[in-house]
Amino acid sequence: MADEANRAAFFEIQGRMIETKAKLKQVQSQTRNKEGEKKRAYLTLEELRQLPDDTNTYKSIGRTFVLEPKPVLMNEQEQKFKDSEIALASLQTSKEYLEKQMNEVENNLRELLQQDPGLARQIMSMSAM
């Protein structure tokens, strides 16, 4: 009976580990996307700063370009930059939390396998098939 309980606990821990890994990958992907957005906003701002204030600037909306004053475009890019920084900070917090969760799950799994060496042998025989 204890063997079945350990087996069920193993599968539960394994499910949590898979779920946590998937969430961690998702956060890492979102982080890469936000870093790209931040970099684009920064580079666009740098280019806009070099232009004289009376330069005609255009904003892309779908396949159309609309005339916009330079200050409006600069404000939009600055806001995108700030939003990206805030999102990156939030994603970093989520990543740290998920990494802690992952370590906790790994420790639980390690502890379970040390408690029941028979379970470890069963799992190894299942993966060898």
# chains A, B, ... in the order shown; residues from 1 in each chain; ligands from 1
$ residues_around --residues "Met17 (chain A)" --least-positions-apart "4" --cutoff "7 Å" --atoms "only C-alpha atoms" --output "NGL selection string"
:A and (13 or 21 or 102 or 105)
$ write_last_selection --atoms "N, CA, C and O atoms" --output "compact mmCIF listing (two decimals), in the first residue's frame"
# COMPACT_ATOMS: atom_id res chain seq x y z
N ILE A 13 4.43 14.56 -8.34
CA ILE A 13 5.61 15.42 -8.36
C ILE A 13 6.12 15.58 -9.79
O ILE A 13 6.51 16.67 -10.21
N LYS A 21 8.27 23.45 -15.53
CA LYS A 21 9.22 23.65 -16.63
C LYS A 21 8.56 24.37 -17.80
O LYS A 21 9.15 25.26 -18.41
N MET A 102 10.80 25.07 -8.90
CA MET A 102 11.44 23.96 -9.58
C MET A 102 12.43 23.27 -8.65
O MET A 102 12.46 22.03 -8.58
N VAL A 105 10.49 21.24 -6.11
CA VAL A 105 9.95 20.01 -6.69
C VAL A 105 11.07 18.98 -6.88
O VAL A 105 10.89 17.79 -6.59
$ select_by_dssp --residues "chain A" --states "alpha helix (DSSP H)" --output "MDAnalysis selection string"
chainID A and resid 2:50 70:115 117:128
$ select_by_dssp --residues "chain A" --states "strand (DSSP E)" --output "list in words"
Thr57, Tyr58, Lys59, Ser60, Ile61, Thr64, Phe65, Val66, Leu67 and Glu68 of chain A
$ residues_around --residues "Asn108 (chain A)" --least-positions-apart "2" --cutoff "12 Å" --atoms "only C-alpha atoms" --output "short mmCIF file (atom, residue, chain, number, x, y, z; two decimals) with N, CA and C atoms, in the first residue's frame"
data_model
loop_
_atom_site.label_atom_id
_atom_site.label_comp_id
_atom_site.auth_asym_id
_atom_site.auth_seq_id
_atom_site.Cartn_x
_atom_site.Cartn_y
_atom_site.Cartn_z
N ASN A 6 3.58 5.92 -2.68
CA ASN A 6 4.82 6.52 -3.17
C ASN A 6 4.79 6.69 -4.68
N ALA A 9 2.57 9.58 -5.44
CA ALA A 9 3.29 10.82 -5.09
C ALA A 9 4.32 11.14 -6.16
N PHE A 10 5.00 10.11 -6.66
CA PHE A 10 6.00 10.32 -7.70
C PHE A 10 5.36 10.93 -8.95
N PHE A 11 4.25 10.36 -9.37
CA PHE A 11 3.59 10.87 -10.59
C PHE A 11 3.05 12.28 -10.39
N GLU A 12 2.60 12.58 -9.17
CA GLU A 12 2.13 13.95 -8.88
C GLU A 12 3.30 14.93 -8.96
N ILE A 13 4.43 14.56 -8.34
CA ILE A 13 5.61 15.42 -8.36
C ILE A 13 6.12 15.58 -9.79
N GLN A 14 6.10 14.49 -10.54
CA GLN A 14 6.55 14.54 -11.93
C GLN A 14 5.66 15.49 -12.74
N ARG A 16 3.95 18.07 -11.56
CA ARG A 16 4.26 19.44 -11.14
C ARG A 16 5.56 19.92 -11.78
N MET A 17 6.53 19.00 -11.91
CA MET A 17 7.81 19.37 -12.51
C MET A 17 7.63 19.74 -13.98
N GLN A 101 10.36 27.24 -7.20
CA GLN A 101 9.40 26.14 -7.23
C GLN A 101 10.03 24.89 -7.84
N MET A 102 10.80 25.07 -8.90
CA MET A 102 11.44 23.96 -9.58
C MET A 102 12.43 23.27 -8.65
N ASN A 103 13.23 24.05 -7.92
CA ASN A 103 14.18 23.47 -6.97
C ASN A 103 13.45 22.70 -5.88
N GLU A 104 12.33 23.25 -5.43
CA GLU A 104 11.54 22.59 -4.40
C GLU A 104 11.00 21.24 -4.90
N VAL A 105 10.49 21.24 -6.11
CA VAL A 105 9.95 20.01 -6.69
C VAL A 105 11.07 18.98 -6.88
N GLU A 106 12.23 19.44 -7.35
CA GLU A 106 13.36 18.52 -7.52
C GLU A 106 13.79 17.92 -6.18
N ARG A 110 13.76 14.01 -5.20
CA ARG A 110 14.99 13.38 -4.70
C ARG A 110 14.73 12.71 -3.35
N GLU A 111 14.02 13.41 -2.47
CA GLU A 111 13.71 12.87 -1.15
C GLU A 111 12.84 11.62 -1.25
N LEU A 112 11.85 11.66 -2.12
CA LEU A 112 10.97 10.51 -2.32
C LEU A 112 11.75 9.30 -2.81
N LEU A 113 12.64 9.52 -3.76
CA LEU A 113 13.42 8.41 -4.32
C LEU A 113 14.42 7.86 -3.30
N GLN A 114 14.92 8.71 -2.42
CA GLN A 114 15.83 8.23 -1.38
C GLN A 114 15.07 7.44 -0.32
N GLN A 115 13.83 7.81 -0.05
CA GLN A 115 13.01 7.10 0.93
C GLN A 115 12.67 5.70 0.44
#
$ closest_atom_pairs --of "region 68-114 of chain A" --to "region 34-47 of chain A" --cutoff "7 Å" --atoms "only C-alpha atoms" --output "CSV"
residue,atom,partner,partner_atom,distance
A:Met74,CA,A:Leu45,CA,6.2
A:Gln77,CA,A:Ala41,CA,5.2
A:Lys80,CA,A:Ala41,CA,6.3
A:Phe81,CA,A:Lys38,CA,5.1
A:Ser84,CA,A:Lys38,CA,5.4
A:Leu88,CA,A:Lys34,CA,6.6
$ residues_around --residues "Ser90 (chain A)" --least-positions-apart "6" --cutoff "12 Å" --atoms "only C-alpha atoms" --output "count of residues only"
9
$ residues_around --residues "region 52-59 of chain A" --least-positions-apart "5" --cutoff "6 Å" --atoms "only C-alpha atoms" --output "list in words"
Phe65, Val66, Leu67, Glu68 and Lys70 of chain A
$ write_last_selection --atoms "C-alpha atoms" --output "PDB file, in the first residue's frame"
ATOM      1  CA  PHE A  65       1.938  55.394 -42.856  1.00  0.00           C
ATOM      2  CA  VAL A  66       0.375  58.344 -41.052  1.00  0.00           C
ATOM      3  CA  LEU A  67       2.045  61.713 -40.534  1.00  0.00           C
ATOM      4  CA  GLU A  68       2.686  62.277 -36.807  1.00  0.00           C
ATOM      5  CA  LYS A  70       7.960  64.059 -33.748  1.00  0.00           C
TER       6      LYS A  70
END
$ residues_around --residues "region 123-126 of chain A" --least-positions-apart "3" --cutoff "10 Å" --atoms "only C-alpha atoms" --output "list in words"
Arg7, Phe10, Leu113, Pro117, Gly118, Leu119, Ala120 and Met129 of chain A
$ write_last_selection --atoms "C-alpha atoms" --output "PDB file, in the first residue's frame"
ATOM      1  CA  ARG A   7       4.119   5.778  -6.800  1.00  0.00           C
ATOM      2  CA  PHE A  10       6.000  10.319  -7.705  1.00  0.00           C
ATOM      3  CA  LEU A 113      13.415   8.405  -4.317  1.00  0.00           C
ATOM      4  CA  PRO A 117      14.858   2.794  -3.419  1.00  0.00           C
ATOM      5  CA  GLY A 118      12.445   0.179  -4.786  1.00  0.00           C
ATOM      6  CA  LEU A 119      10.457   2.941  -6.458  1.00  0.00           C
ATOM      7  CA  ALA A 120      13.639   4.261  -8.051  1.00  0.00           C
ATOM      8  CA  MET A 129      11.417  -0.150 -21.968  1.00  0.00           C
TER       9      MET A 129
END
$ atom_distance --atom1 "CA of Gln122 (chain A)" --atom2 "CA of Glu19 (chain A)"
23.0 Å
$ closest_residue --among "A:Arg49, A:Lys100, A:Lys95, A:Arg121" --to "Lys25 (chain A)" --atoms "only C-alpha atoms"
A:Lys95
$ atom_distance --atom1 "CA of Arg63 (chain A)" --atom2 "CA of Lys82 (chain A)"
26.1 Å
